[in-house]
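**Q** Please find one structure pasted underneath; my questions will follow.
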Amino acid sequence: MKLIVGLGNPEEKYSLTRHNIGWLFLEHLAKKYDVSINKSSNSSLVGEFKLNNEKIILAKPITYMNLSGNAVVALKKWYKLENKDILIVYDDIDIPFGTIRYREKGSGGTHNGMKHIVQMLSSQDIPRLRIGLGGLKHERQDMIDFVLQRFKKDELEKLENEIFIEAEEKVQEFLDN
């Protein structure tokens with residue numbers, strides 16, 4: 001069994017914002033695997049499907065970004081998973097827009113949601129898939145304003161048609177481990 005957690009914020013006003021790239025990617029996967037992420041469980045919305053006889057859970061925490069660790073801990077306990085079976089997908093302002101980085105462990109970096117997950121799990125050994133947002137922010141633009149800003153139409157198209165396709169390959173790498 002594997003759990004893929006996309007980080008984001010639950011209110012409609014955040015739905016297409018840069019900080020919700022984890023949720024957007026999970027919706028992309030949900031379409032691909034014909035699953036709905038709408039069941040409420042453990043401070044998250046979840047959807048489940050089978051792939052190669054393995055149960056895959058897609059989860060969108062509804063705890064707000066900075067408290068994502070609460071939902072991840074609850075899901076881990078509920079499904080009786082090891083950290084190595086949980087993939088966290090989130091935005092990263094420190095890498096160029098569209099860059100995909102997959103790592104099996106590391107700190108939370110500058111991302112408050114990931115920092116909270118590392119803190120709550122008391123471990124940096126958590127697979128993660130970071131999707132870059134860097135290079136889109138204007139020099140004088142406030143960080144919070146930037147990540148809570150909606151994607152432009154062309155950015156959304158690039159996410160769906162290029163970036164998320166590349167990210168699927170990294171998800172497959174995670175699922176194969």
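Naming scheme: A, B, ... for chains in displayed order of the structure tokens; residues 1 onward per chain; ligands 1 onward as shown.
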Run DSSP on the backbone and grab whatever in segment 64-137 of chain A lands in alpha helix (DSSP H); send it over as a list in words.
**A**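 Answer for segment 64-137 of chain A, restricted to alpha helix (DSSP H): Ser68, Gly69, Asn70, Ala71, Val72, Val73, Ala74, Leu75, Lys76, Lys77, Trp78, Tyr79, Asn112, Gly113, Met114, Lys115, His116, Ile117, Val118, Gln119, Met120 and Leu121 of chain A.
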**Q** Counting only C-alpha atoms, give me one row per residue of segment 8-90 of chain A with an atom at most 6 Å from an atom of segment 105-121 of chain A, showing the shortest contact pair and its distance in Å to one decimal, sorted by chain then residue number, as a Markdown table.
**A**
| residue | atom | partner | partner_atom | distance |
| --- | --- | --- | --- | --- |
| A:Met65 | CA | A:Gly113 | CA | 5.0 |
| A:Asn66 | CA | A:Gly113 | CA | 4.5 |
| A:Ser68 | CA | A:Gly113 | CA | 5.5 |
| A:Gly69 | CA | A:Ile117 | CA | 3.8 |
**Q** For segment 127-134 of chain A, find every residue with an atom within 6 Å (counting only C-alpha atoms), except residues of its own chain fewer than 2 positions away, and show them as an NGL selection string.
**A** :A and (87-105 or 136)
**Q** Please dump the current selection as an mmCIF file, in the first residue's frame; keep N, CA and C atoms.
**A**
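Heads up, here's the output in selection.cif:
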data_model
loop_
_atom_site.group_PDB
_atom_site.id
_atom_site.type_symbol
_atom_site.label_atom_id
_atom_site.label_comp_id
_atom_site.auth_asym_id
_atom_site.auth_seq_id
_atom_site.Cartn_x
_atom_site.Cartn_y
_atom_site.Cartn_z
ATOM 1 N N LEU A 87 4.440 9.441 0.000
ATOM 2 C CA LEU A 87 5.048 10.441 -0.875
ATOM 3 C C LEU A 87 4.325 11.769 -0.659
ATOM 4 N N ILE A 88 5.092 12.812 -0.360
ATOM 5 C CA ILE A 88 4.534 14.149 -0.185
ATOM 6 C C ILE A 88 4.831 14.958 -1.450
ATOM 7 N N VAL A 89 3.799 15.580 -2.024
ATOM 8 C CA VAL A 89 3.939 16.392 -3.229
ATOM 9 C C VAL A 89 3.625 17.839 -2.862
ATOM 10 N N TYR A 90 4.554 18.747 -3.192
ATOM 11 C CA TYR A 90 4.350 20.143 -2.813
ATOM 12 C C TYR A 90 5.149 21.084 -3.698
ATOM 13 N N ASP A 91 4.815 22.374 -3.564
ATOM 14 C CA ASP A 91 5.479 23.428 -4.320
ATOM 15 C C ASP A 91 6.818 23.772 -3.691
ATOM 16 N N ASP A 92 7.742 24.248 -4.519
ATOM 17 C CA ASP A 92 9.045 24.672 -4.012
ATOM 18 C C ASP A 92 9.495 25.931 -4.738
ATOM 19 N N ILE A 93 9.549 27.024 -4.011
ATOM 20 C CA ILE A 93 9.929 28.327 -4.548
ATOM 21 C C ILE A 93 11.430 28.394 -4.845
ATOM 22 N N ASP A 94 12.201 27.477 -4.292
ATOM 23 C CA ASP A 94 13.655 27.528 -4.417
ATOM 24 C C ASP A 94 14.208 26.838 -5.658
ATOM 25 N N ILE A 95 13.342 26.223 -6.448
ATOM 26 C CA ILE A 95 13.794 25.606 -7.702
ATOM 27 C C ILE A 95 12.972 26.204 -8.857
ATOM 28 N N PRO A 96 13.530 26.234 -10.066
ATOM 29 C CA PRO A 96 12.870 26.893 -11.197
ATOM 30 C C PRO A 96 11.491 26.304 -11.521
ATOM 31 N N PHE A 97 10.606 27.147 -12.018
ATOM 32 C CA PHE A 97 9.262 26.722 -12.395
ATOM 33 C C PHE A 97 9.330 25.520 -13.329
ATOM 34 N N GLY A 98 8.581 24.500 -12.958
ATOM 35 C CA GLY A 98 8.500 23.298 -13.774
ATOM 36 C C GLY A 98 9.533 22.243 -13.466
ATOM 37 N N THR A 99 10.537 22.569 -12.684
ATOM 38 C CA THR A 99 11.547 21.585 -12.306
ATOM 39 C C THR A 99 10.929 20.605 -11.309
ATOM 40 N N ILE A 100 11.183 19.341 -11.541
ATOM 41 C CA ILE A 100 10.667 18.282 -10.670
ATOM 42 C C ILE A 100 11.846 17.690 -9.926
ATOM 43 N N ARG A 101 11.723 17.598 -8.609
ATOM 44 C CA ARG A 101 12.783 16.972 -7.798
ATOM 45 C C ARG A 101 12.157 15.908 -6.907
ATOM 46 N N TYR A 102 12.668 14.708 -7.031
ATOM 47 C CA TYR A 102 12.224 13.595 -6.188
ATOM 48 C C TYR A 102 13.375 13.207 -5.274
ATOM 49 N N ARG A 103 13.093 13.127 -3.998
ATOM 50 C CA ARG A 103 14.097 12.681 -3.026
ATOM 51 C C ARG A 103 13.435 11.767 -2.018
ATOM 52 N N GLU A 104 14.210 10.862 -1.481
ATOM 53 C CA GLU A 104 13.676 9.921 -0.499
ATOM 54 C C GLU A 104 13.764 10.458 0.920
ATOM 55 N N LYS A 105 14.556 11.521 1.112
ATOM 56 C CA LYS A 105 14.669 12.113 2.448
ATOM 57 C C LYS A 105 15.245 13.513 2.340
ATOM 58 N N LEU A 136 9.130 32.696 -11.120
ATOM 59 C CA LEU A 136 7.866 33.356 -11.433
ATOM 60 C C LEU A 136 7.649 34.586 -10.556
#
**Q** Each residue of segment 101-158 of chain A lying at most 8 Å from segment 14-30 of chain A should get a row with its shortest atom-to-atom pair and the distance in Å to one decimal, counting only C-alpha atoms; could you produce that, ordered by chain and increasing number, as CSV?
**A**
residue,atom,partner,partner_atom,distance
A:Ile131,CA,A:Ile21,CA,7.6
A:Leu133,CA,A:Arg18,CA,7.5
A:Phe146,CA,A:Arg18,CA,7.7
A:Val147,CA,A:Arg18,CA,5.0
A:Leu148,CA,A:Thr17,CA,5.3
A:Gln149,CA,A:Thr17,CA,5.2
A:Arg150,CA,A:Thr17,CA,4.0
A:Phe151,CA,A:Thr17,CA,5.7
**Q** Looking at only C-alpha atoms, which of A:Glu173, A:Glu168, A:Asp125, A:Leu7 is the one that sits closest to Lys60 of chain A?
**A**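 Nearest candidate to Lys60 of chain A out of A:Glu173, A:Glu168, A:Asp125, A:Leu7: A:Leu7.
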**Q** Check the smallest atom-to-atom distance from each of A:Ala59, A:Asn53, A:Tyr79, A:Lys2 to Ser36 of chain A using only C-alpha atoms, then report the winner.
**A**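 Closest to Ser36 of chain A of all the choices is A:Ala59.
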**Q** Which is closer to Leu58 of chain A than all the others in A:Ser43, A:Lys31, A:Val5, A:Asn83, using only C-alpha atoms?
**A**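 Among A:Ser43, A:Lys31, A:Val5, A:Asn83, it is A:Val5 that comes nearest to Leu58 of chain A.
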**Q** Applying 12 Å and only C-alpha atoms, which residues near Lys80 of chain A remain after dropping the ones on its own chain fewer than 5 positions away? List them as a PDB file with N, CA and C atoms, in the first residue's frame.
**A**
ATOM      1  N   MET A   1       0.839  -1.172   0.000  1.00  0.00           N
ATOM      2  CA  MET A   1       0.000   0.000   0.000  1.00  0.00           C
ATOM      3  C   MET A   1       0.890   1.243   0.000  1.00  0.00           C
ATOM      4  N   LYS A   2       0.470   2.246  -0.784  1.00  0.00           N
ATOM      5  CA  LYS A   2       1.216   3.505  -0.870  1.00  0.00           C
ATOM      6  C   LYS A   2       0.245   4.670  -0.690  1.00  0.00           C
ATOM      7  N   LEU A   3       0.755   5.730  -0.087  1.00  0.00           N
ATOM      8  CA  LEU A   3      -0.009   6.945   0.150  1.00  0.00           C
ATOM      9  C   LEU A   3       0.685   8.110  -0.555  1.00  0.00           C
ATOM     10  N   VAL A  72      -0.949  13.996   7.957  1.00  0.00           N
ATOM     11  CA  VAL A  72      -0.051  12.924   7.517  1.00  0.00           C
ATOM     12  C   VAL A  72       0.136  11.893   8.630  1.00  0.00           C
ATOM     13  N   VAL A  73       0.316  12.356   9.857  1.00  0.00           N
ATOM     14  CA  VAL A  73       0.454  11.428  10.990  1.00  0.00           C
ATOM     15  C   VAL A  73      -0.814  10.589  11.152  1.00  0.00           C
ATOM     16  N   ALA A  74      -1.986  11.224  11.067  1.00  0.00           N
ATOM     17  CA  ALA A  74      -3.253  10.502  11.207  1.00  0.00           C
ATOM     18  C   ALA A  74      -3.425   9.462  10.102  1.00  0.00           C
ATOM     19  N   LEU A  75      -3.094   9.828   8.876  1.00  0.00           N
ATOM     20  CA  LEU A  75      -3.192   8.885   7.757  1.00  0.00           C
ATOM     21  C   LEU A  75      -2.204   7.733   7.912  1.00  0.00           C
ATOM     22  N   ASP A  85       6.572   4.547   2.578  1.00  0.00           N
ATOM     23  CA  ASP A  85       5.393   4.294   1.749  1.00  0.00           C
ATOM     24  C   ASP A  85       4.523   5.531   1.566  1.00  0.00           C
ATOM     25  N   ILE A  86       5.030   6.680   1.996  1.00  0.00           N
ATOM     26  CA  ILE A  86       4.294   7.943   1.903  1.00  0.00           C
ATOM     27  C   ILE A  86       5.085   8.908   1.025  1.00  0.00           C
TER      28      ILE A  86
END
**Q** Rounded to one decimal in Å, what is the spacing between atom CA of Leu81 of chain A and atom CA of Glu166 of chain A?
**A** 26.2 Å
